[in-house]
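This is final-v4.json. It holds JSON, C-alpha atoms.
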[["chain", "number", "residue", "atom", "x", "y", "z"],
["A", 499, "MET", "CA", -26.04, 38.63, 13.39],
["A", 500, "ALA", "CA", -28.20, 35.81, 12.08],
["A", 501, "LYS", "CA", -29.25, 37.99, 9.17],
["A", 502, "ASP", "CA", -25.63, 38.85, 8.40],
["A", 503, "ILE", "CA", -24.75, 35.16, 8.28],
["A", 504, "GLU", "CA", -27.62, 34.41, 5.92],
["A", 505, "VAL", "CA", -26.65, 37.28, 3.63],
["A", 506, "ALA", "CA", -22.98, 36.28, 3.67],
["A", 507, "GLU", "CA", -23.92, 32.78, 2.56],
["A", 508, "ARG", "CA", -25.81, 34.00, -0.51],
["A", 509, "GLY", "CA", -24.45, 34.91, -3.89],
["A", 510, "GLU", "CA", -25.18, 37.95, -6.02],
["A", 511, "TYR", "CA", -28.55, 36.60, -7.18],
["A", 512, "GLY", "CA", -29.84, 35.56, -3.78],
["A", 513, "GLY", "CA", -28.82, 31.89, -3.74],
["A", 514, "LYS", "CA", -25.77, 30.00, -2.62],
["A", 515, "ASP", "CA", -22.98, 30.01, -5.18],
["A", 516, "TYR", "CA", -21.58, 26.76, -3.81],
["A", 517, "THR", "CA", -22.90, 23.45, -2.52],
["A", 518, "ASP", "CA", -21.82, 21.86, 0.74],
["A", 519, "PRO", "CA", -21.75, 18.07, 0.62],
["A", 520, "PRO", "CA", -24.15, 16.47, 3.12],
["A", 521, "PRO", "CA", -22.57, 15.43, 6.43],
["A", 522, "ALA", "CA", -21.27, 11.87, 6.46],
["A", 523, "PRO", "CA", -23.23, 9.49, 8.71],
["A", 524, "LEU", "CA", -21.57, 8.67, 12.01],
["A", 525, "VAL", "CA", -21.85, 4.92, 11.37],
["A", 526, "ASP", "CA", -22.69, 3.62, 7.92],
["A", 527, "ALA", "CA", -22.81, -0.19, 8.01],
["A", 528, "GLU", "CA", -23.81, -0.32, 4.34],
["A", 529, "GLU", "CA", -20.47, 1.26, 3.47],
["A", 530, "LEU", "CA", -18.77, -1.98, 4.50],
["A", 531, "THR", "CA", -20.41, -3.75, 1.55],
["A", 532, "LYS", "CA", -18.98, -1.35, -1.03],
["A", 533, "TRP", "CA", -15.76, -2.03, -2.93],
["A", 534, "SER", "CA", -15.05, 1.71, -3.10],
["A", 535, "LEU", "CA", -14.33, 1.74, 0.65],
["A", 536, "TYR", "CA", -11.73, -1.02, 0.41],
["A", 537, "ARG", "CA", -10.23, 0.45, -2.75],
["A", 538, "ALA", "CA", -9.80, 3.75, -0.87],
["A", 539, "ALA", "CA", -8.22, 1.95, 2.11],
["A", 540, "ILE", "CA", -5.76, 0.20, -0.22],
["A", 541, "ALA", "CA", -4.89, 3.57, -1.76],
["A", 542, "GLU", "CA", -4.21, 4.97, 1.74],
["A", 543, "PHE", "CA", -2.06, 1.95, 2.59],
["A", 544, "VAL", "CA", 0.06, 2.21, -0.56],
["A", 545, "ALA", "CA", 0.38, 6.00, -0.37],
["A", 546, "THR", "CA", 1.50, 5.93, 3.27],
["A", 547, "MET", "CA", 3.95, 3.12, 2.53],
["A", 548, "LEU", "CA", 5.53, 5.12, -0.31],
["A", 549, "PHE", "CA", 5.55, 8.25, 1.82],
["A", 550, "LEU", "CA", 7.46, 6.58, 4.65],
["A", 551, "TYR", "CA", 9.83, 4.75, 2.32],
["A", 552, "VAL", "CA", 11.00, 7.89, 0.51],
["A", 553, "THR", "CA", 11.10, 10.20, 3.53],
["A", 554, "VAL", "CA", 12.78, 7.85, 6.01],
["A", 555, "ALA", "CA", 15.30, 6.83, 3.33],
["A", 556, "THR", "CA", 16.04, 10.55, 2.86],
["A", 557, "VAL", "CA", 16.61, 11.00, 6.60],
["A", 558, "ILE", "CA", 18.91, 7.96, 6.81],
["A", 559, "GLY", "CA", 20.82, 9.04, 3.71],
["A", 560, "TYR", "CA", 21.37, 12.54, 5.09],
["A", 561, "LYS", "CA", 22.63, 11.24, 8.44],
["A", 562, "HIS", "CA", 25.05, 8.92, 6.66],
["A", 563, "GLN", "CA", 26.37, 11.63, 4.33],
["A", 564, "SER", "CA", 26.82, 14.09, 7.20],
["A", 565, "ASP", "CA", 28.46, 11.56, 9.54],
["A", 566, "PRO", "CA", 31.93, 12.90, 10.53],
["A", 567, "ASN", "CA", 33.23, 9.34, 10.67],
["A", 568, "VAL", "CA", 32.27, 8.80, 7.04],
["A", 569, "ASN", "CA", 33.00, 12.23, 5.63],
["A", 570, "PRO", "CA", 35.41, 14.00, 8.02],
["A", 571, "ALA", "CA", 36.38, 16.75, 5.59],
["A", 572, "ASP", "CA", 33.07, 18.60, 5.28],
["A", 573, "ALA", "CA", 30.45, 16.55, 7.10],
["A", 574, "ALA", "CA", 28.52, 19.65, 8.15],
["A", 575, "CYS", "CA", 27.97, 20.64, 4.52],
["A", 576, "SER", "CA", 27.24, 17.18, 3.14],
["A", 577, "GLY", "CA", 23.86, 15.71, 2.32],
["A", 578, "VAL", "CA", 20.52, 17.37, 1.69],
["A", 579, "GLY", "CA", 20.30, 19.01, 5.11],
["A", 580, "ILE", "CA", 17.15, 19.93, 7.03],
["A", 581, "LEU", "CA", 15.90, 21.85, 4.00],
["A", 582, "GLY", "CA", 16.17, 18.74, 1.83],
["A", 583, "ILE", "CA", 14.42, 16.57, 4.41],
["A", 584, "ALA", "CA", 11.58, 19.09, 4.64],
["A", 585, "TRP", "CA", 11.31, 19.08, 0.84],
["A", 586, "ALA", "CA", 11.17, 15.28, 0.82],
["A", 587, "PHE", "CA", 8.23, 15.23, 3.25],
["A", 588, "GLY", "CA", 6.37, 18.13, 1.64],
["A", 589, "GLY", "CA", 7.07, 16.98, -1.91],
["A", 590, "MET", "CA", 5.88, 13.44, -1.26],
["A", 591, "ILE", "CA", 2.67, 14.71, 0.32],
["A", 592, "PHE", "CA", 2.07, 16.90, -2.75],
["A", 593, "ILE", "CA", 2.64, 13.95, -5.10],
["A", 594, "LEU", "CA", 0.64, 11.39, -3.13],
["A", 595, "VAL", "CA", -2.32, 13.65, -2.34],
["A", 596, "TYR", "CA", -2.48, 14.52, -6.02],
["A", 597, "CYS", "CA", -2.44, 10.82, -6.95],
["A", 598, "THR", "CA", -4.97, 9.57, -4.38],
["A", 599, "ALA", "CA", -7.32, 12.50, -3.77],
["A", 600, "GLY", "CA", -9.86, 11.21, -6.29],
["A", 601, "ILE", "CA", -9.86, 7.73, -4.73],
["A", 602, "SER", "CA", -9.58, 8.11, -0.97],
["A", 603, "GLY", "CA", -9.31, 11.85, -0.44],
["A", 604, "GLY", "CA", -5.55, 11.56, 0.01],
["A", 605, "HIS", "CA", -5.40, 11.68, 3.81],
["A", 606, "ILE", "CA", -2.14, 9.71, 4.36],
["A", 607, "ASN", "CA", -2.28, 10.78, 8.01],
["A", 608, "PRO", "CA", -4.52, 9.65, 10.91],
["A", 609, "ALA", "CA", -4.63, 13.23, 12.22],
["A", 610, "VAL", "CA", -6.05, 14.49, 8.91],
["A", 611, "THR", "CA", -8.56, 11.64, 8.95],
["A", 612, "LEU", "CA", -9.58, 12.52, 12.52],
["A", 613, "GLY", "CA", -10.07, 16.18, 11.61],
["A", 614, "LEU", "CA", -12.23, 15.31, 8.63],
["A", 615, "PHE", "CA", -14.22, 12.83, 10.73],
["A", 616, "LEU", "CA", -14.91, 15.47, 13.39],
["A", 617, "ALA", "CA", -16.11, 17.79, 10.64],
["A", 618, "ARG", "CA", -18.44, 15.02, 9.38],
["A", 619, "LYS", "CA", -16.58, 14.69, 6.09],
["A", 620, "VAL", "CA", -16.06, 10.92, 6.53],
["A", 621, "SER", "CA", -17.93, 8.28, 8.51],
["A", 622, "LEU", "CA", -16.56, 6.54, 11.59],
["A", 623, "VAL", "CA", -16.25, 3.28, 9.65],
["A", 624, "ARG", "CA", -14.17, 4.92, 6.92],
["A", 625, "ALA", "CA", -12.07, 6.88, 9.40],
["A", 626, "LEU", "CA", -11.11, 3.80, 11.42],
["A", 627, "LEU", "CA", -10.33, 1.75, 8.31],
["A", 628, "TYR", "CA", -8.18, 4.57, 6.93],
["A", 629, "MET", "CA", -6.23, 4.87, 10.18],
["A", 630, "VAL", "CA", -5.50, 1.15, 10.26],
["A", 631, "ALA", "CA", -4.42, 1.21, 6.60],
["A", 632, "GLN", "CA", -2.20, 4.25, 7.18],
["A", 633, "CYS", "CA", -0.47, 2.71, 10.20],
["A", 634, "LEU", "CA", 0.12, -0.59, 8.41],
["A", 635, "GLY", "CA", 1.39, 1.23, 5.34],
["A", 636, "ALA", "CA", 3.79, 3.27, 7.46],
["A", 637, "ILE", "CA", 5.17, 0.14, 9.12],
["A", 638, "CYS", "CA", 5.67, -1.52, 5.73],
["A", 639, "GLY", "CA", 7.31, 1.60, 4.27],
["A", 640, "VAL", "CA", 9.87, 1.85, 7.06],
["A", 641, "GLY", "CA", 10.34, -1.91, 6.85],
["A", 642, "LEU", "CA", 11.38, -1.51, 3.22],
["A", 643, "VAL", "CA", 14.00, 1.06, 4.21],
["A", 644, "LYS", "CA", 15.42, -1.30, 6.84],
["A", 645, "GLY", "CA", 15.34, -4.19, 4.39],
["A", 646, "PHE", "CA", 17.33, -2.28, 1.78],
["A", 647, "GLN", "CA", 19.91, -0.67, 4.10],
["A", 648, "GLU", "CA", 19.72, -2.34, 7.50],
["A", 649, "ALA", "CA", 23.19, -1.32, 8.73],
["A", 650, "TYR", "CA", 22.61, 2.39, 8.08],
["A", 651, "PHE", "CA", 19.04, 2.15, 9.37],
["A", 652, "VAL", "CA", 20.10, 0.85, 12.76],
["A", 653, "ARG", "CA", 23.18, 3.10, 13.00],
["A", 654, "TYR", "CA", 21.30, 6.31, 12.28],
["A", 655, "GLY", "CA", 18.20, 5.88, 14.41],
["A", 656, "GLY", "CA", 15.73, 4.44, 11.92],
["A", 657, "GLY", "CA", 14.19, 7.82, 11.16],
["A", 658, "ALA", "CA", 12.30, 7.58, 14.47],
["A", 659, "ASN", "CA", 10.79, 10.69, 16.06],
["A", 660, "GLU", "CA", 12.12, 11.62, 19.47],
["A", 661, "LEU", "CA", 12.29, 14.76, 21.56],
["A", 662, "SER", "CA", 15.59, 16.58, 21.02],
["A", 663, "ALA", "CA", 17.90, 17.30, 23.94],
["A", 664, "GLY", "CA", 17.21, 20.62, 25.64],
["A", 665, "TYR", "CA", 13.47, 20.64, 24.96],
["A", 666, "SER", "CA", 10.80, 19.78, 27.51],
["A", 667, "LYS", "CA", 7.93, 17.39, 26.83],
["A", 668, "GLY", "CA", 5.56, 20.35, 26.97],
["A", 669, "THR", "CA", 7.51, 22.15, 24.24],
["A", 670, "GLY", "CA", 7.48, 19.03, 22.08],
["A", 671, "LEU", "CA", 3.76, 18.55, 22.59],
["A", 672, "ALA", "CA", 3.04, 22.18, 21.75],
["A", 673, "ALA", "CA", 5.17, 21.93, 18.59],
["A", 674, "GLU", "CA", 3.19, 18.89, 17.45],
["A", 675, "ILE", "CA", -0.16, 20.55, 18.23],
["A", 676, "VAL", "CA", 0.66, 23.76, 16.38],
["A", 677, "GLY", "CA", 2.30, 21.95, 13.46],
["A", 678, "THR", "CA", -0.67, 19.64, 12.97],
["A", 679, "PHE", "CA", -3.06, 22.57, 13.29],
["A", 680, "VAL", "CA", -1.28, 24.26, 10.39],
["A", 681, "LEU", "CA", -1.52, 21.12, 8.27],
["A", 682, "VAL", "CA", -5.16, 20.26, 8.98],
["A", 683, "TYR", "CA", -6.27, 23.89, 8.72],
["A", 684, "THR", "CA", -4.63, 24.00, 5.29],
["A", 685, "VAL", "CA", -6.44, 20.79, 4.28],
["A", 686, "PHE", "CA", -9.80, 22.32, 5.21],
["A", 687, "ALA", "CA", -9.04, 25.61, 3.48],
["A", 688, "ALA", "CA", -7.73, 23.99, 0.28],
["A", 689, "THR", "CA", -10.73, 21.67, -0.06],
["A", 690, "ASP", "CA", -13.49, 24.04, 1.06],
["A", 691, "PRO", "CA", -16.25, 24.09, -1.61],
["A", 692, "LYS", "CA", -17.11, 27.67, -0.64],
["A", 693, "ARG", "CA", -13.56, 28.82, -1.33],
["A", 694, "ASN", "CA", -13.36, 26.92, -4.60],
["A", 695, "ALA", "CA", -16.57, 28.54, -5.83],
["A", 696, "ARG", "CA", -15.86, 32.12, -4.79],
["A", 697, "ASP", "CA", -12.15, 32.12, -5.63],
["A", 698, "SER", "CA", -12.59, 30.39, -8.97],
["A", 699, "HIS", "CA", -10.51, 33.12, -10.61],
["A", 700, "VAL", "CA", -7.56, 31.87, -8.53],
["A", 701, "PRO", "CA", -6.94, 28.22, -9.47],
["A", 702, "VAL", "CA", -6.24, 26.18, -6.33],
["A", 703, "LEU", "CA", -4.52, 22.86, -6.74],
["A", 704, "ALA", "CA", -5.28, 21.45, -3.28],
["A", 705, "PRO", "CA", -2.21, 19.17, -2.99],
["A", 706, "LEU", "CA", 0.13, 22.13, -3.50],
["A", 707, "PRO", "CA", -0.72, 24.18, -0.38],
["A", 708, "ILE", "CA", -1.04, 20.97, 1.64],
["A", 709, "GLY", "CA", 2.45, 19.89, 0.58],
["A", 710, "PHE", "CA", 3.82, 23.36, 1.32],
["A", 711, "ALA", "CA", 2.24, 23.27, 4.77],
["A", 712, "VAL", "CA", 4.07, 20.01, 5.52],
["A", 713, "PHE", "CA", 7.30, 21.51, 4.17],
["A", 714, "MET", "CA", 7.07, 24.66, 6.31],
["A", 715, "VAL", "CA", 6.12, 22.79, 9.49],
["A", 716, "HIS", "CA", 9.12, 20.50, 9.05],
["A", 717, "LEU", "CA", 11.45, 23.48, 8.79],
["A", 718, "ALA", "CA", 10.13, 24.77, 12.10],
["A", 719, "THR", "CA", 9.90, 21.56, 14.12],
["A", 720, "ILE", "CA", 12.61, 19.18, 12.89],
["A", 721, "PRO", "CA", 15.02, 20.64, 15.50],
["A", 722, "ILE", "CA", 12.45, 20.01, 18.28],
["A", 723, "THR", "CA", 10.81, 16.63, 17.65],
["A", 724, "GLY", "CA", 12.06, 15.58, 14.23],
["A", 725, "THR", "CA", 8.52, 16.55, 13.16],
["A", 726, "GLY", "CA", 5.78, 14.02, 13.61],
["A", 727, "ILE", "CA", 2.42, 15.71, 12.80],
["A", 728, "ASN", "CA", 1.45, 12.26, 11.53],
["A", 729, "PRO", "CA", 0.93, 9.45, 14.08],
["A", 730, "ALA", "CA", 1.33, 6.76, 11.40],
["A", 731, "ARG", "CA", 4.75, 8.15, 10.44],
["A", 732, "SER", "CA", 5.90, 8.12, 14.08],
["A", 733, "LEU", "CA", 4.45, 4.67, 14.78],
["A", 734, "GLY", "CA", 5.93, 3.07, 11.66],
["A", 735, "ALA", "CA", 9.47, 4.20, 12.49],
["A", 736, "ALA", "CA", 9.11, 3.23, 16.16],
["A", 737, "VAL", "CA", 7.82, -0.28, 15.37],
["A", 738, "ILE", "CA", 10.61, -1.11, 12.92],
["A", 739, "TYR", "CA", 13.45, 0.60, 14.81],
["A", 740, "ASN", "CA", 12.06, -0.69, 18.14],
["A", 741, "GLN", "CA", 14.50, 0.94, 20.55],
["A", 742, "ASP", "CA", 13.57, 2.55, 23.87],
["A", 743, "ASN", "CA", 14.30, 6.09, 22.70],
["A", 744, "ALA", "CA", 11.78, 5.67, 19.87],
["A", 745, "TRP", "CA", 9.03, 4.70, 22.33],
["A", 746, "ASP", "CA", 9.82, 7.01, 25.25],
["A", 747, "ASP", "CA", 7.92, 10.00, 23.85],
["A", 748, "GLN", "CA", 5.63, 8.19, 21.42],
["A", 749, "TRP", "CA", 2.54, 9.58, 23.18],
["A", 750, "ILE", "CA", 3.56, 13.10, 22.14],
["A", 751, "PHE", "CA", 3.28, 12.09, 18.48],
["A", 752, "TRP", "CA", -0.30, 10.85, 18.99],
["A", 753, "VAL", "CA", -1.75, 13.30, 21.48],
["A", 754, "GLY", "CA", -0.21, 16.37, 19.80],
["A", 755, "PRO", "CA", -1.42, 15.65, 16.25],
["A", 756, "PHE", "CA", -4.90, 14.56, 17.38],
["A", 757, "VAL", "CA", -5.36, 17.67, 19.55],
["A", 758, "GLY", "CA", -4.08, 19.93, 16.75],
["A", 759, "ALA", "CA", -6.41, 18.27, 14.24],
["A", 760, "ALA", "CA", -9.42, 18.65, 16.54],
["A", 761, "ILE", "CA", -8.69, 22.35, 17.11],
["A", 762, "ALA", "CA", -8.27, 22.94, 13.36],
["A", 763, "ALA", "CA", -11.57, 21.17, 12.62],
["A", 764, "ALA", "CA", -13.42, 23.21, 15.26],
["A", 765, "TYR", "CA", -11.83, 26.48, 14.10],
["A", 766, "HIS", "CA", -12.73, 25.92, 10.46],
["A", 767, "GLN", "CA", -16.23, 24.57, 11.02],
["A", 768, "TYR", "CA", -17.44, 26.77, 13.86],
["A", 769, "VAL", "CA", -15.49, 30.00, 13.44],
["A", 770, "LEU", "CA", -14.63, 30.43, 9.76],
["A", 771, "ARG", "CA", -17.68, 28.61, 8.40],
["A", 772, "ALA", "CA", -19.88, 29.54, 11.41],
["A", 773, "SER", "CA", -21.61, 26.15, 11.30],
["A", 774, "GLY", "CA", -22.98, 26.57, 14.80],
["A", 775, "ALA", "CA", -24.49, 29.97, 14.03],
["A", 776, "LYS", "CA", -25.95, 28.74, 10.74],
["A", 777, "ALA", "CA", -27.53, 25.77, 12.50],
["A", 778, "MET", "CA", -29.14, 28.17, 14.98],
["A", 779, "VAL", "CA", -30.41, 30.35, 12.12],
["A", 780, "SER", "CA", -31.91, 27.29, 10.42],
["A", 781, "PHE", "CA", -33.53, 26.17, 13.70],
["A", 782, "ARG", "CA", -35.09, 29.60, 14.30],
["A", 783, "SER", "CA", -36.37, 29.91, 10.73],
["A", 784, "ASN", "CA", -38.07, 26.52, 11.01],
["A", 785, "ALA", "CA", -39.55, 27.21, 14.42]]

Would you kindly transcribe this structure into structure tokens?
Amino acid sequence: MAKDIEVAERGEYGGKDYTDPPPAPLVDAEELTKWSLYRAAIAEFVATMLFLYVTVATVIGYKHQSDPNVNPADAACSGVGILGIAWAFGGMIFILVYCTAGISGGHINPAVTLGLFLARKVSLVRALLYMVAQCLGAICGVGLVKGFQEAYFVRYGGGANELSAGYSKGTGLAAEIVGTFVLVYTVFAATDPKRNARDSHVPVLAPLPIGFAVFMVHLATIPITGTGINPARSLGAAVIYNQDNAWDDQWIFWVGPFVGAAIAAAYHQYVLRASGAKAMVSFRSNA
């Protein structure tokens, strides 16, 4: 098996046809002295703020347009619908990942950051700073929505995630785990240097499949939890809306995404990329 892994990792001429970046250090104090870290954190803050502003405004606008008290004639057919909301979330992720990937990596989601940290793609220092920036950006983004249309914001639930009636907490948690797994798995697959090298005949624009993953997950889970899969998104809406129903199930929108991200990181690193087996091969060859 070890031999098969070594052969699989070699190109036609006996060497690797791709280069894996070195693992990020767990703690890199020197990173705190570099402007590039703070520039990346600012990019994450602004991107998450824009993401929440556009998406929560879309949710509020749809609920207003489909309100029977406002549009009694054809309320059920008014507004963008669930499909439009899913497009808003997926489309904004596509746009913002494309814009920020070269600066911060375009995480825009603490669950994505956690997955990449567990895979040693970012240091602990960078991961924590990104998460703080993302949460603050989300709060500011939802705050902008409330500032521009406070009456509608309060009337239509502030875009906050909550478990829908008829679903158990276990179902909601499972939906968040699976949904986040799909997203983070897509992030790993779209940014894998091995894939980019060996599938070079198929151009892969990483933000596109990532945005589509967000779109598809929203179609599946909006009826269950309103779709979190992003703890910053759920926290931002809960903080600004600040009603009991927004906080009751908040833990689901943290535990679910973090568990899903961890499973996706382990699956990609240790099953698809066989990092554990390759480490054992390297250890035996050096022994």

Kindly give the distance, in Å, that separates CA of Phe646 in chain A and CA of Val544 in chain A, rounded to a single decimal.
-> 18.0 Å

Long-range neighbours of His716 in chain A as a VMD selection string, 10 Å cut-off, all atoms listed in the file, 6 positions minimum in chain = chain A and resid 580 to 581 583 to 588 677 710 722 to 727

Using all atoms listed in the file, determine which residues lie at most 10 Å from range 623-636 of chain A, disregarding the query and same-chain residues fewer than 3 positions distant; provide the list as an MDAnalysis selection string.
-> chainID A and resid 522:530 535:536 538:551 602 605:616 619:620 639:642 728:735 737:738

What separates CA of Leu706 in chain A and CA of Val643 in chain A is a distance of 26.4 Å

Using all atoms listed in the file, which of A:Ala649, A:Val676, A:Ala617, A:Ala704 sits nearest Gly604 in chain A?
-> A:Ala704

Nearest to Ala599 in chain A, chosen from A:Gly758, A:Gly656, A:Gly670, A:Pro705, with only C-alpha atoms counted in the distances =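 Result for the nearest residue to Ala599 in chain A: A:Pro705.
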
Quote the spacing between CA of Phe651 in chain A and CA of Thr719 in chain A in Å to one decimal place.
-> 22.0 Å

Between A:Ser621, A:Gln647, A:Thr517, A:Ser662, single out the one closest to His562 in chain A, counting only C-alpha atoms.
->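 Once distances to His562 in chain A are computed over only C-alpha atoms, the minimum belongs to A:Gln647.
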
Would you kindly return, as a PyMOL selection string, each protein, DNA or RNA residue with an atom no farther than 6 Å from any atom of range 680-694 of chain A, considering only C-alpha atoms and excluding same-chain residues fewer than 6 positions away?
-> chain A and resi 516+610+704+708+711+759+762

Pick out the residues sitting within 7 Å of Ile675 in chain A, and hand them over as a VMD selection string; count only C-alpha atoms, and ignore anything fewer than 5 positions along from it in its own chain.
-> chain A and resid 754 to 755 757 to 758
